[in-house]
>>> print(open('work.txt').read())   # compact mmCIF, C-alpha atoms
# COMPACT_ATOMS: atom_id res chain seq x y z
CA MET A 1 30.32 17.05 5.52
CA ARG A 2 27.08 17.76 7.39
CA VAL A 3 24.17 16.06 5.60
CA LEU A 4 20.39 16.40 5.97
CA VAL A 5 18.21 13.61 4.54
CA LEU A 6 14.55 14.52 4.12
CA GLY A 7 11.94 11.77 4.44
CA SER A 8 10.78 8.88 6.59
CA GLY A 9 10.69 5.71 4.49
CA ALA A 10 12.83 2.72 3.58
CA ARG A 11 14.59 4.78 0.90
CA GLU A 12 15.70 7.28 3.55
CA HIS A 13 16.86 4.53 5.92
CA ALA A 14 18.90 2.96 3.10
CA LEU A 15 20.36 6.37 2.23
CA CYS A 16 21.25 7.03 5.87
CA LEU A 17 22.95 3.64 6.22
CA SER A 18 25.14 4.38 3.18
CA LEU A 19 25.88 7.93 4.29
CA ALA A 20 26.72 6.84 7.85
CA ALA A 21 29.35 4.50 6.40
CA ASP A 22 30.92 7.35 4.38
CA PRO A 23 34.00 8.73 6.21
CA SER A 24 33.42 12.19 4.71
CA VAL A 25 30.08 12.53 6.56
CA THR A 26 30.73 14.22 9.91
CA ALA A 27 27.09 14.77 10.92
CA LEU A 28 23.90 13.12 9.66
CA VAL A 29 20.35 14.28 10.33
CA CYS A 30 17.15 12.64 9.05
CA ALA A 31 13.90 14.60 9.14
CA PRO A 32 11.49 13.35 10.25
CA GLY A 33 12.90 9.81 9.92
CA ASN A 34 11.61 6.53 11.36
CA ALA A 35 12.62 3.97 13.97
CA GLY A 36 15.35 2.68 11.66
CA THR A 37 16.96 5.98 10.73
CA ALA A 38 17.09 6.85 14.44
CA SER A 39 19.82 4.24 14.88
CA VAL A 40 22.22 5.97 12.47
CA ALA A 41 21.12 9.62 12.28
CA GLU A 42 19.88 12.43 14.49
CA GLN A 43 16.12 12.83 14.08
CA ARG A 44 14.44 16.22 13.62
CA PRO A 45 10.71 16.91 13.15
CA VAL A 46 9.79 18.90 10.05
CA ALA A 47 6.92 19.38 7.61
CA THR A 48 8.65 17.85 4.59
CA THR A 49 6.61 19.74 1.99
CA ASP A 50 7.15 23.15 3.61
CA PRO A 51 10.03 24.84 1.75
CA VAL A 52 10.53 27.47 4.45
CA ALA A 53 10.59 24.96 7.31
CA VAL A 54 13.01 22.62 5.55
CA THR A 55 15.33 25.45 4.57
CA GLN A 56 15.30 26.77 8.13
CA LEU A 57 16.17 23.33 9.49
CA ALA A 58 19.01 22.93 6.99
CA SER A 59 20.37 26.32 8.02
CA ASP A 60 19.98 25.61 11.74
CA ILE A 61 22.05 22.42 11.58
CA GLY A 62 24.64 23.87 9.22
CA ALA A 63 23.86 21.37 6.46
CA GLU A 64 26.34 21.34 3.60
CA LEU A 65 24.22 18.92 1.57
CA VAL A 66 20.47 18.31 1.61
CA ILE A 67 19.16 15.08 0.05
CA ILE A 68 15.43 15.04 -0.66
CA GLY A 69 14.03 11.52 -0.61
CA PRO A 70 10.28 11.65 -1.41
CA GLU A 71 8.58 13.11 -4.45
CA ALA A 72 6.05 15.37 -2.71
CA PRO A 73 8.66 17.83 -1.32
CA LEU A 74 10.28 18.06 -4.75
CA VAL A 75 6.99 18.91 -6.46
CA ALA A 76 6.33 21.42 -3.65
CA GLY A 77 9.55 23.31 -4.47
CA VAL A 78 11.61 22.40 -1.42
CA ALA A 79 14.78 21.96 -3.50
CA ASP A 80 14.32 25.43 -5.00
CA ALA A 81 14.14 27.01 -1.55
CA VAL A 82 17.15 25.12 -0.20
CA ARG A 83 19.29 26.07 -3.20
CA ALA A 84 18.13 29.70 -2.99
CA ALA A 85 19.55 29.74 0.54
CA GLY A 86 22.95 28.77 -0.83
CA ILE A 87 22.88 25.16 0.39
CA ALA A 88 23.82 22.33 -1.98
CA CYS A 89 20.75 20.19 -2.67
CA PHE A 90 20.39 16.79 -4.32
CA GLY A 91 16.90 16.93 -5.80
CA PRO A 92 15.34 18.62 -8.83
CA SER A 93 13.49 21.92 -8.86
CA ALA A 94 9.70 21.93 -8.81
CA ALA A 95 9.72 22.64 -12.55
CA ALA A 96 12.00 19.68 -13.32
CA ALA A 97 10.19 17.42 -10.83
CA ARG A 98 7.10 17.71 -13.02
CA LEU A 99 8.74 14.81 -14.82
CA GLU A 100 7.24 12.71 -12.01
CA GLY A 101 4.50 15.07 -10.85
CA SER A 102 2.69 14.93 -14.20
CA LYS A 103 2.60 11.91 -16.50
CA ALA A 104 1.38 14.20 -19.28
CA PHE A 105 4.40 16.50 -18.85
CA ALA A 106 6.73 13.50 -18.92
CA LYS A 107 5.16 12.31 -22.16
CA ASP A 108 5.62 15.77 -23.64
CA VAL A 109 9.32 15.74 -22.73
CA MET A 110 9.73 12.27 -24.21
CA SER A 111 8.01 13.30 -27.42
CA ALA A 112 10.16 16.41 -27.80
CA ALA A 113 13.36 14.45 -27.11
CA GLY A 114 12.51 11.49 -29.33
CA ILE A 115 12.59 9.05 -26.43
CA PRO A 116 11.08 5.60 -27.10
CA THR A 117 7.90 5.11 -25.06
CA ALA A 118 4.35 3.83 -25.36
CA GLY A 119 1.84 5.69 -27.50
CA SER A 120 -0.59 7.59 -25.29
CA PHE A 121 -3.47 10.02 -24.88
CA VAL A 122 -4.13 12.51 -22.10
CA CYS A 123 -7.80 12.19 -21.10
CA GLN A 124 -9.97 14.36 -18.87
CA THR A 125 -13.50 13.16 -19.68
CA PRO A 126 -15.19 9.73 -19.78
CA GLU A 127 -15.67 10.14 -23.51
CA GLU A 128 -11.98 10.80 -24.11
CA ALA A 129 -11.03 7.84 -21.92
CA ALA A 130 -13.40 5.48 -23.75
CA LYS A 131 -12.01 6.54 -27.11
CA ALA A 132 -8.42 6.03 -25.98
CA LEU A 133 -9.17 2.57 -24.59
CA ASP A 134 -10.72 1.59 -27.90
CA VAL A 135 -7.65 2.80 -29.82
CA PHE A 136 -5.19 0.68 -27.82
CA GLY A 137 -7.36 -2.27 -26.80
CA PRO A 138 -6.58 -4.60 -23.90
CA PRO A 139 -4.61 -4.90 -21.72
CA TYR A 140 -5.62 -1.37 -20.78
CA VAL A 141 -3.07 0.92 -19.07
CA VAL A 142 -4.55 3.87 -17.17
CA LYS A 143 -2.29 6.20 -15.18
CA ASP A 144 -3.28 8.95 -12.78
CA ASP A 145 -1.63 12.10 -14.15
CA GLY A 146 -0.50 13.25 -10.70
CA LEU A 147 1.44 11.78 -7.78
CA ALA A 148 -0.11 8.57 -6.45
CA ALA A 149 2.64 6.94 -4.33
CA GLY A 150 3.19 4.23 -6.91
CA LYS A 151 -0.45 3.12 -6.82
CA GLY A 152 -2.04 5.31 -9.49
CA VAL A 153 -1.57 2.86 -12.37
CA LEU A 154 -4.14 0.27 -13.39
CA VAL A 155 -3.32 -2.45 -15.91
CA THR A 156 -6.38 -4.58 -16.66
CA VAL A 157 -8.27 -6.42 -19.37
CA ASP A 158 -11.54 -5.21 -17.80
CA ARG A 159 -12.71 -2.20 -19.81
CA GLU A 160 -15.24 -1.13 -17.17
CA ALA A 161 -12.58 -1.22 -14.47
CA ALA A 162 -10.30 0.90 -16.67
CA LEU A 163 -13.07 3.45 -17.21
CA ALA A 164 -13.84 3.53 -13.50
CA HIS A 165 -10.18 4.16 -12.63
CA ALA A 166 -10.03 6.97 -15.18
CA ALA A 167 -13.17 8.54 -13.73
CA ALA A 168 -11.81 8.29 -10.17
CA CYS A 169 -8.53 9.96 -11.13
CA GLY A 170 -9.97 12.73 -13.29
CA ARG A 171 -7.03 13.56 -15.54
CA VAL A 172 -5.25 10.43 -16.77
CA VAL A 173 -2.77 9.19 -19.32
CA ILE A 174 -4.00 6.14 -21.22
CA GLU A 175 -1.34 4.32 -23.17
CA GLU A 176 -0.58 1.19 -25.11
CA PHE A 177 0.56 -1.84 -23.16
CA LEU A 178 4.28 -2.57 -23.36
CA ASP A 179 5.32 -6.22 -23.40
CA GLY A 180 8.45 -7.57 -21.76
CA PRO A 181 10.10 -7.57 -18.32
CA GLU A 182 10.56 -4.30 -16.48
CA VAL A 183 13.85 -2.65 -15.52
CA SER A 184 14.59 0.23 -13.15
CA LEU A 185 17.62 2.35 -13.96
CA PHE A 186 18.73 5.14 -11.59
CA CYS A 187 20.76 7.96 -13.12
CA VAL A 188 22.52 10.68 -11.14
CA SER A 189 22.59 14.05 -12.91
CA ASP A 190 23.99 17.52 -12.22
CA GLY A 191 21.86 19.06 -14.96
CA THR A 192 24.35 18.29 -17.72
CA ALA A 193 26.33 15.14 -16.96
CA VAL A 194 24.49 11.87 -16.30
CA VAL A 195 25.89 8.76 -14.55
CA PRO A 196 23.98 5.45 -14.42
CA LEU A 197 23.79 3.24 -11.35
CA LEU A 198 23.18 -0.52 -11.51
CA PRO A 199 19.95 -1.64 -13.18
CA ALA A 200 17.48 -3.35 -10.84
CA GLN A 201 14.09 -5.00 -11.11
CA ASP A 202 11.23 -4.44 -8.68
CA PHE A 203 7.90 -6.17 -8.18
CA LYS A 204 4.89 -3.87 -8.10
CA ARG A 205 1.95 -6.17 -7.39
CA ILE A 206 0.99 -7.41 -3.95
CA PHE A 207 0.82 -11.18 -4.61
CA ASP A 208 3.09 -13.85 -6.06
CA GLY A 209 3.04 -14.22 -9.81
CA ASP A 210 2.35 -10.50 -10.24
CA ALA A 211 -1.25 -10.92 -9.13
CA GLY A 212 -3.41 -8.40 -7.29
CA PRO A 213 -3.31 -4.60 -7.18
CA ASN A 214 -0.26 -2.39 -7.60
CA THR A 215 1.71 -1.37 -4.54
CA GLY A 216 4.67 0.92 -4.00
CA GLY A 217 6.88 -2.15 -4.57
CA MET A 218 7.15 -5.50 -2.77
CA GLY A 219 10.78 -6.38 -3.44
CA ALA A 220 13.72 -5.93 -5.79
CA TYR A 221 17.06 -7.37 -6.86
CA ALA A 222 20.22 -6.30 -8.66
CA PRO A 223 22.16 -6.70 -10.89
CA LEU A 224 20.24 -8.07 -13.89
CA GLU A 225 22.40 -10.74 -15.48
CA TRP A 226 19.72 -11.42 -18.10
CA LEU A 227 19.97 -7.94 -19.64
CA PRO A 228 21.60 -7.97 -23.09
CA PRO A 229 25.12 -6.50 -23.15
CA GLY A 230 25.09 -2.79 -23.95
CA THR A 231 21.57 -2.18 -22.64
CA VAL A 232 22.64 0.47 -20.12
CA GLU A 233 24.68 2.32 -22.74
CA GLN A 234 21.72 2.17 -25.13
CA VAL A 235 19.33 3.58 -22.53
CA MET A 236 21.77 6.32 -21.61
CA SER A 237 22.06 7.48 -25.23
CA SER A 238 18.40 7.06 -26.20
CA VAL A 239 16.67 8.05 -22.94
CA ALA A 240 18.69 9.54 -20.08
CA GLN A 241 20.88 11.99 -21.95
CA PRO A 242 18.09 13.21 -24.28
CA ALA A 243 15.78 13.76 -21.29
CA ILE A 244 18.38 15.74 -19.35
CA LYS A 245 19.25 17.75 -22.46
CA GLU A 246 15.58 18.53 -23.18
CA LEU A 247 14.93 19.71 -19.63
CA SER A 248 18.01 21.91 -19.79
CA ARG A 249 16.82 23.32 -23.13
CA ARG A 250 13.53 24.27 -21.45
CA GLY A 251 15.42 26.17 -18.77
CA THR A 252 14.64 23.61 -16.07
CA PRO A 253 17.87 21.62 -15.58
CA PHE A 254 17.40 18.35 -13.70
CA VAL A 255 19.73 18.05 -10.70
CA GLY A 256 19.17 14.87 -8.74
CA LEU A 257 18.14 11.28 -9.33
CA LEU A 258 16.38 10.45 -12.59
CA TYR A 259 14.56 7.15 -12.23
CA ILE A 260 13.85 5.47 -15.56
CA GLY A 261 11.24 2.71 -15.53
CA LEU A 262 11.67 0.61 -18.66
CA ALA A 263 9.95 -2.24 -20.44
CA MET A 264 12.31 -4.53 -22.36
CA THR A 265 10.00 -4.95 -25.33
CA SER A 266 10.37 -6.89 -28.55
CA ALA A 267 11.26 -3.54 -30.17
CA GLY A 268 13.91 -2.65 -27.56
CA PRO A 269 13.81 -0.69 -24.29
CA LYS A 270 10.90 1.72 -23.95
CA VAL A 271 10.13 4.11 -21.10
CA ILE A 272 7.18 3.28 -18.86
CA GLU A 273 7.69 6.23 -16.51
CA PHE A 274 10.12 8.72 -15.08
CA ASN A 275 10.49 9.47 -11.39
CA ALA A 276 12.45 12.34 -9.89
CA ARG A 277 14.02 10.56 -6.90
CA PHE A 278 15.42 7.27 -5.64
CA GLY A 279 12.84 4.51 -5.98
CA ASP A 280 11.85 2.20 -3.16
CA PRO A 281 12.57 -0.78 -2.96
CA GLU A 282 15.26 -0.62 -5.65
CA THR A 283 17.33 1.82 -3.57
CA GLN A 284 17.87 -0.89 -0.97
CA VAL A 285 19.61 -3.27 -3.40
CA VAL A 286 21.45 -0.70 -5.51
CA LEU A 287 23.01 1.04 -2.51
CA ALA A 288 23.88 -2.32 -0.94
CA LEU A 289 26.18 -2.93 -3.93
CA LEU A 290 27.62 0.58 -4.31
CA GLU A 291 31.25 0.77 -3.17
CA THR A 292 31.84 4.42 -4.13
CA PRO A 293 31.12 6.70 -1.13
CA LEU A 294 27.62 8.07 -1.56
CA ALA A 295 27.98 11.56 -0.09
CA GLY A 296 30.70 12.63 -2.50
CA LEU A 297 28.72 11.36 -5.50
CA LEU A 298 25.54 13.20 -4.55
CA TYR A 299 27.44 16.36 -3.56
CA ALA A 300 29.15 16.38 -6.98
CA ALA A 301 25.74 16.21 -8.64
CA ALA A 302 24.38 18.97 -6.41
CA THR A 303 27.32 21.26 -7.19
CA GLY A 304 27.67 20.65 -10.94
CA SER A 305 30.92 18.68 -10.82
CA LEU A 306 29.68 15.20 -11.70
CA ALA A 307 31.81 14.99 -14.86
CA GLU A 308 34.94 15.31 -12.72
CA GLN A 309 34.16 12.24 -10.63
CA PRO A 310 35.98 8.92 -11.20
CA PRO A 311 33.99 5.92 -12.47
CA LEU A 312 31.72 4.35 -9.90
CA ARG A 313 32.93 1.25 -8.06
CA TRP A 314 30.63 -1.67 -7.27
CA HIS A 315 30.87 -4.65 -4.95
CA GLU A 316 30.88 -8.07 -6.59
CA GLY A 317 27.80 -10.22 -6.22
CA ALA A 318 24.09 -9.50 -5.97
CA ALA A 319 21.50 -8.09 -3.56
CA VAL A 320 17.85 -8.92 -2.90
CA THR A 321 15.27 -7.12 -0.78
CA VAL A 322 11.85 -8.46 0.26
CA VAL A 323 9.22 -6.06 1.59
CA ILE A 324 7.08 -7.01 4.57
CA ALA A 325 3.78 -5.14 4.40
CA ALA A 326 1.07 -4.59 6.98
CA ALA A 327 -2.23 -6.46 7.00
CA ASN A 328 -4.74 -5.07 4.46
CA TYR A 329 -2.07 -3.26 2.39
CA PRO A 330 -2.33 -1.85 -0.31
CA GLY A 331 -5.70 -0.91 1.14
CA THR A 332 -5.88 0.92 4.46
CA PRO A 333 -3.13 -0.80 6.47
CA ARG A 334 -3.51 -2.10 9.98
CA LEU A 335 -1.22 -0.07 12.25
CA ASP A 336 0.44 -0.36 15.67
CA ASP A 337 1.21 -4.07 15.56
CA ALA A 338 4.30 -5.01 17.59
CA ILE A 339 7.30 -6.09 15.50
CA TYR A 340 9.94 -8.55 16.70
CA GLY A 341 13.25 -9.06 14.94
CA GLY A 342 13.08 -5.69 13.21
CA ASP A 343 16.38 -4.34 14.51
CA GLN A 344 18.67 -6.91 12.90
CA PRO A 345 21.38 -5.96 10.37
CA GLY A 346 19.89 -5.97 6.90
CA VAL A 347 16.40 -4.96 8.03
CA ILE A 348 15.53 -1.59 6.52
CA HIS A 349 12.64 0.32 8.09
CA ALA A 350 9.82 2.06 6.24
CA GLY A 351 6.58 2.45 8.19
CA THR A 352 7.85 1.96 11.75
CA ARG A 353 7.83 3.79 15.06
CA ARG A 354 8.97 3.03 18.59
CA ASP A 355 6.45 3.42 21.40
CA ALA A 356 7.10 4.84 24.87
CA ASP A 357 8.22 1.42 26.10
CA GLY A 358 10.71 1.03 23.26
CA VAL A 359 8.62 -1.55 21.41
CA LEU A 360 8.92 -1.40 17.62
CA ARG A 361 5.50 -1.00 15.98
CA SER A 362 4.08 -0.79 12.48
CA ALA A 363 3.21 2.72 11.29
CA GLY A 364 2.55 2.37 7.56
CA GLY A 365 1.63 0.10 4.69
CA ARG A 366 5.08 -1.15 3.78
CA VAL A 367 6.68 -1.74 7.15
CA LEU A 368 10.12 -3.29 6.66
CA SER A 369 12.33 -4.71 3.93
CA ALA A 370 14.75 -7.58 4.49
CA THR A 371 17.88 -6.95 2.43
CA ALA A 372 20.83 -9.24 1.82
CA ALA A 373 23.90 -9.25 -0.42
CA ALA A 374 25.89 -12.34 -1.38
CA ALA A 375 28.25 -13.69 -4.02
CA THR A 376 25.38 -15.00 -6.15
CA LEU A 377 21.78 -13.95 -6.70
CA ALA A 378 20.57 -17.33 -5.42
CA ASP A 379 22.53 -16.91 -2.19
CA ALA A 380 21.36 -13.32 -1.73
CA ARG A 381 17.77 -14.43 -2.25
CA SER A 382 18.08 -17.24 0.28
CA ALA A 383 19.65 -14.90 2.83
CA ALA A 384 16.92 -12.28 2.35
CA TYR A 385 14.18 -14.84 2.91
CA ARG A 386 15.93 -16.23 6.00
CA LEU A 387 15.85 -12.70 7.34
CA VAL A 388 12.14 -12.41 6.50
CA ASP A 389 11.47 -15.63 8.39
CA SER A 390 13.16 -14.23 11.49
CA ILE A 391 10.82 -11.21 11.68
CA GLU A 392 7.44 -11.33 13.41
CA LEU A 393 4.68 -8.93 12.35
CA PRO A 394 1.09 -10.01 13.08
CA GLY A 395 -0.84 -10.08 9.82
CA GLY A 396 2.30 -9.18 7.87
CA GLN A 397 2.44 -10.17 4.22
CA HIS A 398 5.24 -10.62 1.71
CA ARG A 399 5.82 -12.13 -1.70
CA THR A 400 7.68 -15.43 -1.87
CA ASP A 401 8.83 -15.13 -5.48
CA ILE A 402 11.14 -12.09 -5.47
CA ALA A 403 14.00 -12.74 -7.95
CA TRP A 404 12.88 -16.34 -8.46
CA LYS A 405 12.57 -16.11 -12.25
CA ALA A 406 16.03 -14.55 -12.49
CA VAL A 407 17.56 -17.25 -10.30
CA THR A 408 15.95 -20.00 -12.39
CA GLY A 409 16.75 -18.37 -15.74
CA LYS A 410 13.13 -17.76 -16.66
CA VAL A 411 13.22 -14.00 -17.38
CA ALA A 412 12.57 -13.69 -21.10
CA ILE A 413 12.66 -10.66 -23.38
CA PRO A 414 10.11 -11.00 -26.21
CA ALA A 415 11.65 -11.79 -29.59
CA GLY A 416 11.71 -8.96 -32.07
>>> encode(input="work.txt", output="structure tokens")
Amino acid sequence: MRVLVLGSGAREHALCLSLAADPSVTALVCAPGNAGTASVAEQRPVATTDPVAVTQLASDIGAELVIIGPEAPLVAGVADAVRAAGIACFGPSAAAARLEGSKAFAKDVMSAAGIPTAGSFVCQTPEEAAKALDVFGPPYVVKDDGLAAGKGVLVTVDREAALAHAAACGRVVIEEFLDGPEVSLFCVSDGTAVVPLLPAQDFKRIFDGDAGPNTGGMGAYAPLEWLPPGTVEQVMSSVAQPAIKELSRRGTPFVGLLYIGLAMTSAGPKVIEFNARFGDPETQVVLALLETPLAGLLYAAATGSLAEQPPLRWHEGAAVTVVIAAANYPGTPRLDDAIYGGDQPGVIHAGTRRDADGVLRSAGGRVLSATAAAATLADARSAAYRLVDSIELPGGQHRTDIAWKAVTGKVAIPAG
């Protein structure tokens, strides 16, 4: 199978690593890719949000499957154009990708499908925002309605800061705060059938102890041994399947990866957000544990034959990934720092490039992620941090507490 992966981040590098290990993949192209994907896939330049350009590239290379990594091309309708050209595509249509492209649309789908989530208001004026904040009280949760690369959410007890964030975003969703630890559940869908992958947990804030501003994610681990038995089945029946059914009812079937961000509250699992693609950094740990060949799974979803696939197989053990970010991130990152130790096994590239002399350099906010799998979560965590310690990035920053609460048994779901 000839496969085209669209994107240039850690998610795409992780996807390419899994696809390159799949015997059914005979050719692998990543567009535009990064310094990491270049080691396992042919690189091609392309404007990722240009449906015509992407479709032309897929046709030129004879792609039998196109996998769209980032959210922006999905919202721009790239999947629609690829499918219209008769090429199998793993990624939802622009209409279905509104599930991520608009928080207000996602809330509307959840309401129609009876999916448990936080109460919310859509606000477009300072007056509406102030009223909504007063209804819910602190901690205040203010979400940019549109795409914001994982950094459009503010959770704060400072009412003035909440109002300022709402004003800066324009159209926002303001919702009640959900207590409890967060869970990320990826679900593969062909528009009708839905198959869950392993639950994972990521860490959104920049500093240890969940301090500082939100980022795109500073680390993750899987599986979640602290989850109550039956949680995945409960989420599939109360969230994933109703969402897919509702989108199909609206004439916009969801074909691709449905990311469900959950809070394990005292009243049970509730949806924080939906995304329409693989999440980073959870992809790194989930794919590290997936034994089932990836290309066949995603092709089955893209061609409507997911229900015919055998149950997924998983490696024993656990996986941990720790993100190394550039200086100043999540503000404007410092770029072009030389990186040493970045080409080791287990190092997944995000914002990287190679200069004319072959030196690896930083080219984004989140630069690398050190990923390790082992028999136990504690061992995987130790191995991931040993890998972090072997990488040199001037001014680089990382959290030191990824998966620590899980290893020490301190993840607690609020009592009902």
>>> residues_around(input="work.txt", residues="A:Leu247", least_positions_apart="5", cutoff="9 Å", atoms="all atoms listed in the file", output="list in words")
Ala96, Val109, Gly191, Pro242, Thr252, Pro253 and Phe254 of chain A
>>> closest_atom_pairs(input="work.txt", of="stretch 198-292 of chain A", to="stretch 153-161 of chain A", cutoff="10 Å", atoms="all atoms listed in the file", output="CSV")
residue,atom,partner,partner_atom,distance
A:Pro213,CA,A:Leu154,CA,7.9
A:Asn214,CA,A:Val153,CA,7.2
A:Thr215,CA,A:Val153,CA,9.5
>>> residues_around(input="work.txt", residues="A:Ile348", least_positions_apart="3", cutoff="8 Å", atoms="all atoms listed in the file", output="PyMOL selection string")
chain A and resi 10+13-14+36+284+368-371
>>> write_last_selection(input="work.txt", atoms="C-alpha atoms", output="short mmCIF file (atom, residue, chain, number, x, y, z; two decimals), in the coordinates of the input")
data_model
loop_
_atom_site.label_atom_id
_atom_site.label_comp_id
_atom_site.auth_asym_id
_atom_site.auth_seq_id
_atom_site.Cartn_x
_atom_site.Cartn_y
_atom_site.Cartn_z
CA ALA A 10 12.83 2.72 3.58
CA HIS A 13 16.86 4.53 5.92
CA ALA A 14 18.90 2.96 3.10
CA GLY A 36 15.35 2.68 11.66
CA GLN A 284 17.87 -0.89 -0.97
CA LEU A 368 10.12 -3.29 6.66
CA SER A 369 12.33 -4.71 3.93
CA ALA A 370 14.75 -7.58 4.49
CA THR A 371 17.88 -6.95 2.43
#
>>> residues_around(input="work.txt", residues="A:Ala350", least_positions_apart="3", cutoff="12 Å", atoms="only C-alpha atoms", output="MDAnalysis selection string")
chainID A and resid 7:14 33:38 216:217 280:281 284 323:326 342 347 353 360:370
>>> atom_distance(input="work.txt", atom1="atom CA of A:Val25", atom2="atom CA of A:Val52")
24.7 Å
